[in-house]
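These notes are about the structure you will find just below.
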Protein chains: 4
Amino acid sequence: VLVVHNETSTGVTSNIAEIREAMDRAGHDALLIVDAISSLASIPFRFDDWRVDVCLSGSQKGLMLPPGLGILCVGPRAIAASESAKAARHYFDWRPVLKENALGFYPYTPATLMLAGLRDALRLLIEDEGLEAVFGRHRRLAQGVRAGVAAWGLTTVSRDADCHSQTLTAVELPDSISGQDVVDRARALYGLSLGVGLGEPQINSFRIGHLGALNELEVLATLGGVEMTLHGLGLQVELGSGLAACERTFLDARATDGALDALDSVRARVGASKAAS
Amino acid sequence: VLVVHNETSTGVTSNIAEIREAMDRAGHDALLIVDAISSLASIPFRFDDWRVDVCLSGSQKGLMLPPGLGILCVGPRAIAASESAKAARHYFDWRPVLKENALGFYPYTPATLMLAGLRDALRLLIEDEGLEAVFGRHRRLAQGVRAGVAAWGLTTVSRDADCHSQTLTAVELPDSISGQDVVDRARALYGLSLGVGLGEPQINSFRIGHLGALNELEVLATLGGVEMTLHGLGLQVELGSGLAACERTFLDARATDGALDALDSVRARVGASKAAS
Amino acid sequence: VLVVHNETSTGVTSNIAEIREAMDRAGHDALLIVDAISSLASIPFRFDDWRVDVCLSGSQKGLMLPPGLGILCVGPRAIAASESAKAARHYFDWRPVLKENALGFYPYTPATLMLAGLRDALRLLIEDEGLEAVFGRHRRLAQGVRAGVAAWGLTTVSRDADCHSQTLTAVELPDSISGQDVVDRARALYGLSLGVGLGEPQINSFRIGHLGALNELEVLATLGGVEMTLHGLGLQVELGSGLAACERTFLDARATDGALDALDSVRARVGASKAAS
Amino acid sequence: VLVVHNETSTGVTSNIAEIREAMDRAGHDALLIVDAISSLASIPFRFDDWRVDVCLSGSQKGLMLPPGLGILCVGPRAIAASESAKAARHYFDWRPVLKENALGFYPYTPATLMLAGLRDALRLLIEDEGLEAVFGRHRRLAQGVRAGVAAWGLTTVSRDADCHSQTLTAVELPDSISGQDVVDRARALYGLSLGVGLGEPQINSFRIGHLGALNELEVLATLGGVEMTLHGLGLQVELGSGLAACERTFLDARATDGALDALDSVRARVGASKAAS
């Protein structure tokens with residue numbers, strides 16, 4: 001069973017835990033292979049709890065690195081299957097990699113620069129910010145994006161709120177303008193990189209990525225670029241409407257998550273400094 | 001006569017050409033010394049035309065480098081004055097610098113990393129973007145910032161439109177909140193770096209910098225952070241109002257400056273690609 | 001016919017032109033596939049002249065980049081063969097790559113950082129130093145390494161002077177010490193990265209790489225580290241002997257290649273400066 | 001009393017502790033000001049123990065950073081003196097710096113990039129390598145350089161072994177060639193940066209720097225470049241002689257300082273790996 005955890009052409013996230021349960025209920029011993037390329041390190045992914053057999057990911061999404069590293073996590077059942085498999089393979093043969101990795105080596109020349117970057121990225125995610133905070137930030141930013149889209153009177157390709165991706169939002173467009181128009185104009189006028197709808201049958205849509213090293217103000221910048229682009233293409237979106245809705249979401253989220261403690265701490269320090277001087 | 005070209009505590013730009021004319025009319029032979037730290041490479045500065053004798057600048061503003069390099073341009077009258085001056089000096093003595101620079105050297109160890117960066121910055125400004133385009137971009141971004149400020153019902157410290165700085169805007173605040181509150185909250189909640197009002201008598205204000213490597217979307221991000229900060233501090237600013245006003249300014253500016261040519265060029269290329277494939 | 005252009009386990013370079021001629025004489029229409037990983041951009045490689053059908057290379061050798069980019073050059077006969085081939089393939093399918101590359105795109109996410117680096121590396125190799133000078137430098141440095149090895153009384157694994165690699169030298173060892181000893185000690189004591197002999201039947205040897213961004217003094221550093229390592233392991237090598245032989249080679253090479261012109265130019269400038277000051 | 005701790009024009013190190021003692025014996029209350037630019041972080045410097053009042057240093061020597069940061073350490077007596085001093089000053093006024101530093105700020109725009117680098121450099125020096133090891137490495141490398149110079153039959157400008165600088169060696173030259181010739185040729189032919197003799201009366205000499213991020217093999221590379229340069233200028237230096245003497249020094253030093261433990265550790269790990277595989 002091959003599942004895409006977070007589908008980047010539609011902005012839909014699959015519930016891997018439920019798929020695992022369904023497989024268990026069916027009593028089938030199929031391997032569970034998950035593409036976690038645009039989900040890993042941005043939304044919860046539980047390789048062990050969900051008994052995933054193979055997880056595929058990459059460096060250029062939630063891990064905040066340049067593209068260039070494919071990452072493969074394999075569990076014992078997958079390794080056993082690979083050992084008894086009959087398919088001819090060389091590049092895709094896990095055995096020399098597993099053997100050398102165990103000794104701290106690679107059988108071939110590894111992408112050393114990316115590995116050094118990966119070490120730093122993991123430190124940033126796990127030690128500096130903390131994975132729960134990283135996941136919370138992605139949820140908050142995604143809510144802001146969706147609030148903006150709704151304020152423009154547009155709908156997301158993802159219809160079910162439980163399945164909305166927290167890392168990418170695909171937005172449906174009316175027939176009057178095409179996703180390609182939006183992408184081209186945003187890039188040409190504002191240096192903003194959006195994506196066109198992918199796959200077949202292709203929905204007339206464009207896609208907004210919002211994952212990795214990203215904060216509230218960068219989301220506002222992105223929505224501002226989209227808003228001006230849609231307006232410039234003749235769509236009846238009220239200027240500022242998407243941004244205001246996004247801001248409202250951010251203000252509500254901040255009011256409840258204790259982030260103001262940091263502010264108090266700054267004030268205390270400045271107060272002490274002033275008293276001292 | 002020592003003039004600050006662009007005053008960063010108030011966001012007011014002085015007209016150096018008129019000051020030169022006034023000096024000429026007065027028939028006084030004073031040297032004209034201009035602090036161009038926050039103006040150089042962001043708004044027009046004409047050392048030769050304005051017969052400036054000494055220009056002081058730095059690396060960390062319009063030249064888009066980290067802080068660390070003071071830049072001094074001196075004309076023949078200033079050099080002559082320094083040669084006959086009686087003041088004791090060593091660090092501030094221009095003579096060994098002028099002598100060694102002429103041979104391609106420095107008399108002391110120069111900040112080589114900054115010099116290498118300066119070469120790249122000058123290439124970006126002069127060859128890649130072009131100084132006129134750089135100046136136009138700074139004007140456009142500054143208009144967007146001021147439009148946002150006006151939409152919030154606030155006024156700039158600079159009252160005279162002819163003197164508005166294109167690189168920094170100081171915004172007056174009502175008595176209910178202080179500039180320090182704005183700066184602290186923006187930094188703590190949004191990672192946004194603003195400045196407090198400077199100087200004496202201190203106006204209750206905060207300052208928004210908008211110079212160097214900056215584009216429309218980054219200005220929207222900045223205004224969004226300010227808007228949420230002011231709203232969070234209880235000021236009656238309508239969410240989205242400042243952003244909408246800024247967007248409108250950008251859309252008007254773009255409509256008239258031919259930037260859509262780039263878009264047409266992208267379309268032509270994509271069209272050709274599709275036809276070929 | 002699959003040929004390794006420069007064999008890194010033995011330091012032997014194959015003559016691709018002669019292999020091409022042999023294939024022509026035989027009248028066989030086999031494809032000629034060349035592994036140029038450790039030869040490209042260090043020694044002459046002529047894809048068109050030698051009618052190579054497929055060339056495989058990488059970023060981390062003569063192209064002076066970190067590892068992380070495999071480079072494939074394919075000619076029309078290879079493309080034709082791939083189109084009619086029956087083997088199942090997806091990752092190794094050239095067709096989507098060729099199609100998208102023609103439009104300036106990639107079908108999948110490319111390693112953008114490496115591509116940016118590749119552009120700079122090609123500029124350094126082709127415009128700044130010039131390929132002929134790059135090849136000459138590799139020949140000169142390799143001669144220095146081999147002179148040092150000979151002075152120690154050791155022999156290279158490569159026996160035929162016409163086949164000596166200009167990018168890597170494998171050195172045979174007496175039974176008293178192992179290649180692994182040399183590699184371990186050089187790394188532990190001098191931070192020097194050498195290689196052990198590779199392949200089967202494994203010759204007791206170690207390997208010295210000398211390609212890419214490398215100059216005379218770095219070769220002397222490398223030979224110094226090897227010399228101290230061999231001496232420390234009890235081998236009867238006279239200290240300084242390998243370095244002296246290498247220096248002699250470099251002095252002879254410099255005396256005949258006009259490099260002193262640069263020196264004259266420096267002198268002329270300094271002389272002019274002194275006269276002026 | 002102004003003392004240069006490590007004199008870079010002659011390669012002579014002064015004994016600050018003895019100067020302090022002499023000042024104490026004289027019962028004079030002069031301030032002790034030490035220029036530690038080319039000594040700090042390379043040889044022991046004890047601000048508190050030696051009761052130094054002002055220490056001047058820079059970023060570009062033992063601290064292994066690019067040039068661009070002047071570093072000033074001032075003790076309580078110097079601060080008291082500065083407060084009662086009558087000299088007019090602004091740029092050189094310590095008071096605003098001391099006041100703001102105490103609050104974690106700078107009164108002016110600091111060179112942020114250098115400060116970030118300084119934090120990393122201090123971590124490398126203090127935590128990773130350890131200051132005692134850093135000092136030991138500088139002594140060892142300096143001994144190697146001096147051994148090479150002696151093997152060429154040349155003498156150092158510094159005559160007294162107790163005063164030899166561990167970070168820079170100035171080498172006297174016979175009349176037949178000038179220091180400028182050596183510097184020019186080394187740069188033009190080998191990309192090696194040496195220095196000419198400085199100061200008055202100028203001794204015919206050239207200077208070899210050996211401090212900061214430097215290891216044994218880089219010293220051999222440097223001596224190799226000097227050796228080829230001197231030989232090329234017609235000086236009767238035997239090729240390899242300086243390098244052999246330097247290698248001998250390094251081999252002796254290593255034999256006694258326990259560095260082979262690292263090698264044993266590598267061997268143990270490799271052995272365990274082999275046993276496991």
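Ordering of the structure tokens sets the chain letters (A, B, ...); residue numbers start at 1 within each chain; ligands are numbered from 1 in the order shown.
Here chain C was fitted onto chain B over its full set of C-alpha atoms, and the resulting RMSD is 0.0 Å.
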Write out as a tab-separated table the residues of chain A that have any atom within 6 Å of an atom of chain B, one row each with the nearest atom pair and its distance in Å to one decimal, counting only C-alpha atoms, sorted by chain and then rising number.
```
residue	atom	partner	partner_atom	distance
A:Ala188	CA	B:Leu263	CA	5.2
A:Leu217	CA	B:Ala221	CA	4.7
A:Leu220	CA	B:Ala221	CA	5.5
A:Ala221	CA	B:Leu217	CA	4.7
A:Leu239	CA	B:Ala244	CA	5.0
A:Gly240	CA	B:Ala244	CA	4.1
A:Leu243	CA	B:Gly240	CA	5.7
A:Ala244	CA	B:Gly240	CA	4.1
A:Ala262	CA	B:Ala188	CA	6.0
A:Leu263	CA	B:Ala188	CA	5.1
```
Could you write those residues out with C-alpha atoms, as a PDB file, in the first residue's frame?
```
ATOM      1  CA  ALA A 188       6.997  38.419 -13.269  1.00  0.00           C
ATOM      2  CA  LEU A 217       4.912  38.011   8.039  1.00  0.00           C
ATOM      3  CA  LEU A 220       1.242  37.937   4.659  1.00  0.00           C
ATOM      4  CA  ALA A 221       3.797  38.817   1.977  1.00  0.00           C
ATOM      5  CA  LEU A 239      -7.734  44.659  -1.859  1.00  0.00           C
ATOM      6  CA  GLY A 240      -6.702  43.915   1.721  1.00  0.00           C
ATOM      7  CA  LEU A 243      -4.717  39.951   4.287  1.00  0.00           C
ATOM      8  CA  ALA A 244      -7.159  41.207   6.927  1.00  0.00           C
ATOM      9  CA  ALA A 262       8.349  36.519  25.440  1.00  0.00           C
ATOM     10  CA  LEU A 263       7.204  40.113  25.236  1.00  0.00           C
TER      11      LEU A 263
END
```
Among stretch 47-254 of chain A, which residues does DSSP mark as strand (DSSP E or B) when it is run on the backbone? Keep the chain and numbering as in the structure and answer as a PyMOL selection string.
chain A and resi 54-58+70-74+156+164+168-172+195-196+205-209
Just to be explicit: take each residue in the selection above, keep N, CA and C atoms, and write the result as a PDB file, in the first residue's frame.
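What ended up in selection.pdb:
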```pdb
ATOM      1  N   VAL A  54       8.077   1.657   4.903  1.00  0.00           N
ATOM      2  CA  VAL A  54       9.047   2.472   4.177  1.00  0.00           C
ATOM      3  C   VAL A  54       8.533   3.908   4.146  1.00  0.00           C
ATOM      4  N   CYS A  55       9.365   4.834   4.487  1.00  0.00           N
ATOM      5  CA  CYS A  55       9.026   6.258   4.367  1.00  0.00           C
ATOM      6  C   CYS A  55      10.020   6.907   3.426  1.00  0.00           C
ATOM      7  N   LEU A  56       9.488   7.610   2.428  1.00  0.00           N
ATOM      8  CA  LEU A  56      10.309   8.346   1.466  1.00  0.00           C
ATOM      9  C   LEU A  56      10.190   9.828   1.761  1.00  0.00           C
ATOM     10  N   SER A  57      11.304  10.521   1.849  1.00  0.00           N
ATOM     11  CA  SER A  57      11.203  11.963   2.015  1.00  0.00           C
ATOM     12  C   SER A  57      12.373  12.645   1.315  1.00  0.00           C
ATOM     13  N   GLY A  58      12.442  13.958   1.459  1.00  0.00           N
ATOM     14  CA  GLY A  58      13.494  14.713   0.781  1.00  0.00           C
ATOM     15  C   GLY A  58      13.935  15.866   1.642  1.00  0.00           C
ATOM     16  N   GLY A  70      17.577  12.620  -1.165  1.00  0.00           N
ATOM     17  CA  GLY A  70      16.414  11.763  -0.947  1.00  0.00           C
ATOM     18  C   GLY A  70      16.641  11.012   0.349  1.00  0.00           C
ATOM     19  N   ILE A  71      15.604  10.893   1.153  1.00  0.00           N
ATOM     20  CA  ILE A  71      15.743  10.260   2.458  1.00  0.00           C
ATOM     21  C   ILE A  71      14.791   9.081   2.529  1.00  0.00           C
ATOM     22  N   LEU A  72      15.317   7.941   2.929  1.00  0.00           N
ATOM     23  CA  LEU A  72      14.547   6.708   2.955  1.00  0.00           C
ATOM     24  C   LEU A  72      14.665   6.113   4.348  1.00  0.00           C
ATOM     25  N   CYS A  73      13.506   5.865   4.987  1.00  0.00           N
ATOM     26  CA  CYS A  73      13.509   5.165   6.272  1.00  0.00           C
ATOM     27  C   CYS A  73      12.847   3.820   6.050  1.00  0.00           C
ATOM     28  N   VAL A  74      13.518   2.753   6.441  1.00  0.00           N
ATOM     29  CA  VAL A  74      12.957   1.424   6.189  1.00  0.00           C
ATOM     30  C   VAL A  74      12.905   0.630   7.490  1.00  0.00           C
ATOM     31  N   THR A 156     -10.806  26.177  -1.634  1.00  0.00           N
ATOM     32  CA  THR A 156      -9.636  25.314  -1.772  1.00  0.00           C
ATOM     33  C   THR A 156     -10.048  24.030  -2.489  1.00  0.00           C
ATOM     34  N   HIS A 164      -7.393  19.156   5.147  1.00  0.00           N
ATOM     35  CA  HIS A 164      -6.626  20.293   4.636  1.00  0.00           C
ATOM     36  C   HIS A 164      -5.145  20.108   4.972  1.00  0.00           C
ATOM     37  N   LEU A 168       0.538  23.145   2.258  1.00  0.00           N
ATOM     38  CA  LEU A 168       0.284  23.613   0.889  1.00  0.00           C
ATOM     39  C   LEU A 168      -1.210  23.763   0.692  1.00  0.00           C
ATOM     40  N   THR A 169      -1.609  24.860   0.033  1.00  0.00           N
ATOM     41  CA  THR A 169      -3.026  25.080  -0.246  1.00  0.00           C
ATOM     42  C   THR A 169      -3.214  25.258  -1.751  1.00  0.00           C
ATOM     43  N   ALA A 170      -4.060  24.403  -2.343  1.00  0.00           N
ATOM     44  CA  ALA A 170      -4.424  24.559  -3.751  1.00  0.00           C
ATOM     45  C   ALA A 170      -5.742  25.324  -3.808  1.00  0.00           C
ATOM     46  N   VAL A 171      -5.792  26.328  -4.667  1.00  0.00           N
ATOM     47  CA  VAL A 171      -6.941  27.246  -4.742  1.00  0.00           C
ATOM     48  C   VAL A 171      -7.601  27.124  -6.104  1.00  0.00           C
ATOM     49  N   GLU A 172      -8.894  26.841  -6.125  1.00  0.00           N
ATOM     50  CA  GLU A 172      -9.622  26.770  -7.398  1.00  0.00           C
ATOM     51  C   GLU A 172      -9.851  28.157  -7.980  1.00  0.00           C
ATOM     52  N   GLY A 195       2.650  27.656  -7.629  1.00  0.00           N
ATOM     53  CA  GLY A 195       2.638  26.472  -8.486  1.00  0.00           C
ATOM     54  C   GLY A 195       1.321  26.373  -9.238  1.00  0.00           C
ATOM     55  N   VAL A 196       1.360  25.768 -10.412  1.00  0.00           N
ATOM     56  CA  VAL A 196       0.104  25.510 -11.128  1.00  0.00           C
ATOM     57  C   VAL A 196      -0.471  24.193 -10.620  1.00  0.00           C
ATOM     58  N   SER A 205      -6.466  25.605 -11.116  1.00  0.00           N
ATOM     59  CA  SER A 205      -6.091  26.006  -9.762  1.00  0.00           C
ATOM     60  C   SER A 205      -4.651  26.504  -9.740  1.00  0.00           C
ATOM     61  N   PHE A 206      -4.285  27.093  -8.639  1.00  0.00           N
ATOM     62  CA  PHE A 206      -2.874  27.380  -8.388  1.00  0.00           C
ATOM     63  C   PHE A 206      -2.595  26.973  -6.960  1.00  0.00           C
ATOM     64  N   ARG A 207      -1.312  26.851  -6.644  1.00  0.00           N
ATOM     65  CA  ARG A 207      -0.944  26.292  -5.352  1.00  0.00           C
ATOM     66  C   ARG A 207      -0.014  27.232  -4.578  1.00  0.00           C
ATOM     67  N   ILE A 208      -0.267  27.378  -3.299  1.00  0.00           N
ATOM     68  CA  ILE A 208       0.551  28.206  -2.406  1.00  0.00           C
ATOM     69  C   ILE A 208       1.248  27.283  -1.407  1.00  0.00           C
ATOM     70  N   GLY A 209       2.561  27.262  -1.441  1.00  0.00           N
ATOM     71  CA  GLY A 209       3.302  26.463  -0.458  1.00  0.00           C
ATOM     72  C   GLY A 209       3.507  27.264   0.814  1.00  0.00           C
TER      73      GLY A 209
END
```
Give me the residues within 9 Å of B:Phe45 as a ChimeraX atom specification, counting only C-alpha atoms and dropping any in the same chain fewer than 5 places off.
/B:5,16,36,39-40,50
Preceding selection exported with N, CA and C atoms as a PDB file, in the first residue's frame:
```pdb
ATOM      1  N   HIS B   5      22.006  64.024   4.946  1.00  0.00           N
ATOM      2  CA  HIS B   5      21.197  63.952   3.728  1.00  0.00           C
ATOM      3  C   HIS B   5      19.831  63.340   4.029  1.00  0.00           C
ATOM      4  N   ILE B  16      20.184  68.757  -0.744  1.00  0.00           N
ATOM      5  CA  ILE B  16      21.597  69.170  -0.746  1.00  0.00           C
ATOM      6  C   ILE B  16      21.861  70.201  -1.848  1.00  0.00           C
ATOM      7  N   ALA B  36      25.742  60.792   4.215  1.00  0.00           N
ATOM      8  CA  ALA B  36      24.868  60.109   3.258  1.00  0.00           C
ATOM      9  C   ALA B  36      24.687  58.648   3.645  1.00  0.00           C
ATOM     10  N   SER B  39      21.294  57.313   2.718  1.00  0.00           N
ATOM     11  CA  SER B  39      20.768  57.761   1.420  1.00  0.00           C
ATOM     12  C   SER B  39      21.539  57.171   0.245  1.00  0.00           C
ATOM     13  N   LEU B  40      22.850  56.988   0.429  1.00  0.00           N
ATOM     14  CA  LEU B  40      23.679  56.568  -0.705  1.00  0.00           C
ATOM     15  C   LEU B  40      23.180  55.257  -1.300  1.00  0.00           C
ATOM     16  N   TRP B  50      26.820  68.607  -6.970  1.00  0.00           N
ATOM     17  CA  TRP B  50      26.499  69.453  -5.809  1.00  0.00           C
ATOM     18  C   TRP B  50      27.762  70.018  -5.155  1.00  0.00           C
TER      19      TRP B  50
END
```
All residues 8 Å or closer to C:Phe135, only C-alpha atoms, same chain fewer than 6 positions away omitted, as a ChimeraX atom specification
/C:41-44
Residues flagged alpha helix (DSSP H) by DSSP in stretch 5-244 of chain C, as a ChimeraX atom specification:
/C:16-26,76-84,95-102,112-122,131-151,179-190,216-232,241-244
Shell around B:Leu124 at 12 Å using only C-alpha atoms, local window under 2 positions removed, as a PyMOL selection string:
chain B and resi 41+62-65+117-122+126-131+133-134+212-213
Taking all heavy atoms for each residue, export the selection above as a short mmCIF file (atom, residue, chain, number, x, y, z; two decimals), in the first residue's frame.
```cif
data_model
loop_
_atom_site.label_atom_id
_atom_site.label_comp_id
_atom_site.auth_asym_id
_atom_site.auth_seq_id
_atom_site.Cartn_x
_atom_site.Cartn_y
_atom_site.Cartn_z
N ALA B 41 23.02 55.24 -2.60
CA ALA B 41 22.58 54.07 -3.37
C ALA B 41 21.09 53.78 -3.20
O ALA B 41 20.61 52.77 -3.70
CB ALA B 41 23.40 52.82 -3.01
N GLY B 62 21.95 51.32 2.02
CA GLY B 62 21.66 51.10 0.60
C GLY B 62 22.65 50.19 -0.10
O GLY B 62 22.34 49.61 -1.14
N LEU B 63 23.84 50.04 0.44
CA LEU B 63 24.83 49.16 -0.18
C LEU B 63 24.61 47.70 0.18
O LEU B 63 25.33 46.82 -0.28
CB LEU B 63 26.25 49.61 0.18
CG LEU B 63 26.65 50.97 -0.42
CD1 LEU B 63 27.99 51.43 0.13
CD2 LEU B 63 26.69 50.90 -1.94
N MET B 64 23.65 47.44 1.04
CA MET B 64 23.15 46.07 1.25
C MET B 64 24.18 45.11 1.85
O MET B 64 24.05 43.89 1.69
CB MET B 64 22.62 45.49 -0.07
CG MET B 64 21.64 46.39 -0.79
SD MET B 64 20.98 45.66 -2.32
CE MET B 64 22.46 45.54 -3.33
N LEU B 65 25.19 45.63 2.53
CA LEU B 65 26.20 44.78 3.15
C LEU B 65 25.98 44.74 4.66
O LEU B 65 25.22 45.52 5.21
CB LEU B 65 27.59 45.35 2.85
CG LEU B 65 28.02 45.26 1.39
CD1 LEU B 65 29.22 46.16 1.15
CD2 LEU B 65 28.37 43.82 1.04
N GLY B 117 32.57 42.14 -0.73
CA GLY B 117 31.13 42.30 -0.78
C GLY B 117 30.72 43.59 -1.47
O GLY B 117 29.74 43.63 -2.21
N LEU B 118 31.49 44.64 -1.25
CA LEU B 118 31.17 45.93 -1.87
C LEU B 118 31.24 45.83 -3.40
O LEU B 118 30.40 46.39 -4.11
CB LEU B 118 32.16 46.99 -1.37
CG LEU B 118 31.94 48.42 -1.85
CD1 LEU B 118 30.56 48.93 -1.48
CD2 LEU B 118 33.01 49.35 -1.27
N ARG B 119 32.22 45.09 -3.87
CA ARG B 119 32.33 44.91 -5.32
C ARG B 119 31.07 44.24 -5.87
O ARG B 119 30.52 44.64 -6.90
CB ARG B 119 33.58 44.08 -5.64
CG ARG B 119 33.89 43.99 -7.11
CD ARG B 119 35.20 43.26 -7.34
NE ARG B 119 35.23 42.00 -6.58
CZ ARG B 119 36.32 41.28 -6.38
NH1 ARG B 119 37.47 41.68 -6.88
NH2 ARG B 119 36.27 40.16 -5.70
N ASP B 120 30.60 43.20 -5.18
CA ASP B 120 29.38 42.52 -5.62
C ASP B 120 28.16 43.43 -5.51
O ASP B 120 27.29 43.44 -6.39
CB ASP B 120 29.15 41.24 -4.79
CG ASP B 120 29.97 40.09 -5.31
OD1 ASP B 120 30.55 40.22 -6.41
OD2 ASP B 120 30.04 39.05 -4.65
N ALA B 121 28.09 44.19 -4.41
CA ALA B 121 26.94 45.08 -4.23
C ALA B 121 26.87 46.12 -5.34
O ALA B 121 25.80 46.40 -5.88
CB ALA B 121 27.01 45.75 -2.86
N LEU B 122 28.02 46.67 -5.70
CA LEU B 122 28.04 47.69 -6.76
C LEU B 122 27.62 47.09 -8.09
O LEU B 122 26.91 47.71 -8.88
CB LEU B 122 29.43 48.31 -6.85
CG LEU B 122 29.83 49.16 -5.63
CD1 LEU B 122 31.26 49.67 -5.77
CD2 LEU B 122 28.87 50.32 -5.42
N ILE B 126 24.52 48.64 -9.99
CA ILE B 126 24.81 49.43 -11.19
C ILE B 126 24.57 48.62 -12.46
O ILE B 126 23.92 49.09 -13.40
CB ILE B 126 26.27 49.95 -11.14
CG1 ILE B 126 26.42 50.90 -9.94
CG2 ILE B 126 26.65 50.64 -12.44
CD1 ILE B 126 27.83 51.31 -9.63
N GLU B 127 25.05 47.38 -12.47
CA GLU B 127 24.93 46.60 -13.70
C GLU B 127 23.60 45.84 -13.76
O GLU B 127 22.92 45.85 -14.77
CB GLU B 127 26.09 45.60 -13.83
CG GLU B 127 27.42 46.29 -14.06
CD GLU B 127 28.56 45.29 -14.11
OE1 GLU B 127 28.34 44.13 -14.53
OE2 GLU B 127 29.68 45.65 -13.68
N ASP B 128 23.27 45.13 -12.68
CA ASP B 128 22.13 44.23 -12.76
C ASP B 128 20.80 44.98 -12.73
O ASP B 128 19.96 44.78 -13.59
CB ASP B 128 22.18 43.20 -11.61
CG ASP B 128 23.29 42.19 -11.81
OD1 ASP B 128 24.10 42.39 -12.74
OD2 ASP B 128 23.35 41.20 -11.06
N GLU B 129 20.61 45.82 -11.70
CA GLU B 129 19.32 46.51 -11.60
C GLU B 129 19.39 47.90 -12.24
O GLU B 129 18.44 48.31 -12.91
CB GLU B 129 18.89 46.64 -10.12
CG GLU B 129 17.48 47.19 -9.97
CD GLU B 129 16.97 47.14 -8.53
OE1 GLU B 129 17.73 46.70 -7.64
OE2 GLU B 129 15.81 47.54 -8.32
N GLY B 130 20.49 48.58 -12.11
CA GLY B 130 20.62 49.94 -12.65
C GLY B 130 20.19 50.96 -11.61
O GLY B 130 19.13 50.81 -11.00
N LEU B 131 20.99 52.01 -11.44
CA LEU B 131 20.72 52.95 -10.35
C LEU B 131 19.37 53.63 -10.47
O LEU B 131 18.67 53.83 -9.47
CB LEU B 131 21.84 54.01 -10.28
CG LEU B 131 23.07 53.59 -9.46
CD1 LEU B 131 24.06 54.74 -9.40
CD2 LEU B 131 22.68 53.16 -8.05
N ALA B 133 16.63 52.45 -11.72
CA ALA B 133 15.61 51.49 -11.27
C ALA B 133 15.66 51.31 -9.76
O ALA B 133 14.62 51.18 -9.10
CB ALA B 133 15.82 50.14 -11.97
N VAL B 134 16.86 51.33 -9.19
CA VAL B 134 16.99 51.22 -7.73
C VAL B 134 16.31 52.41 -7.06
O VAL B 134 15.54 52.25 -6.10
CB VAL B 134 18.49 51.16 -7.33
CG1 VAL B 134 18.66 51.30 -5.83
CG2 VAL B 134 19.12 49.86 -7.83
N GLY B 212 17.49 49.32 0.70
CA GLY B 212 18.40 48.23 0.39
C GLY B 212 17.74 47.13 -0.43
O GLY B 212 16.95 47.41 -1.33
N ALA B 213 18.07 45.88 -0.12
CA ALA B 213 17.52 44.73 -0.85
C ALA B 213 16.09 44.48 -0.36
O ALA B 213 15.88 43.71 0.56
CB ALA B 213 18.39 43.50 -0.61
#
```
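Coordinates place atom CA of A:Gln166 at a distance of 17.9 Å from atom CA of A:Ser59.
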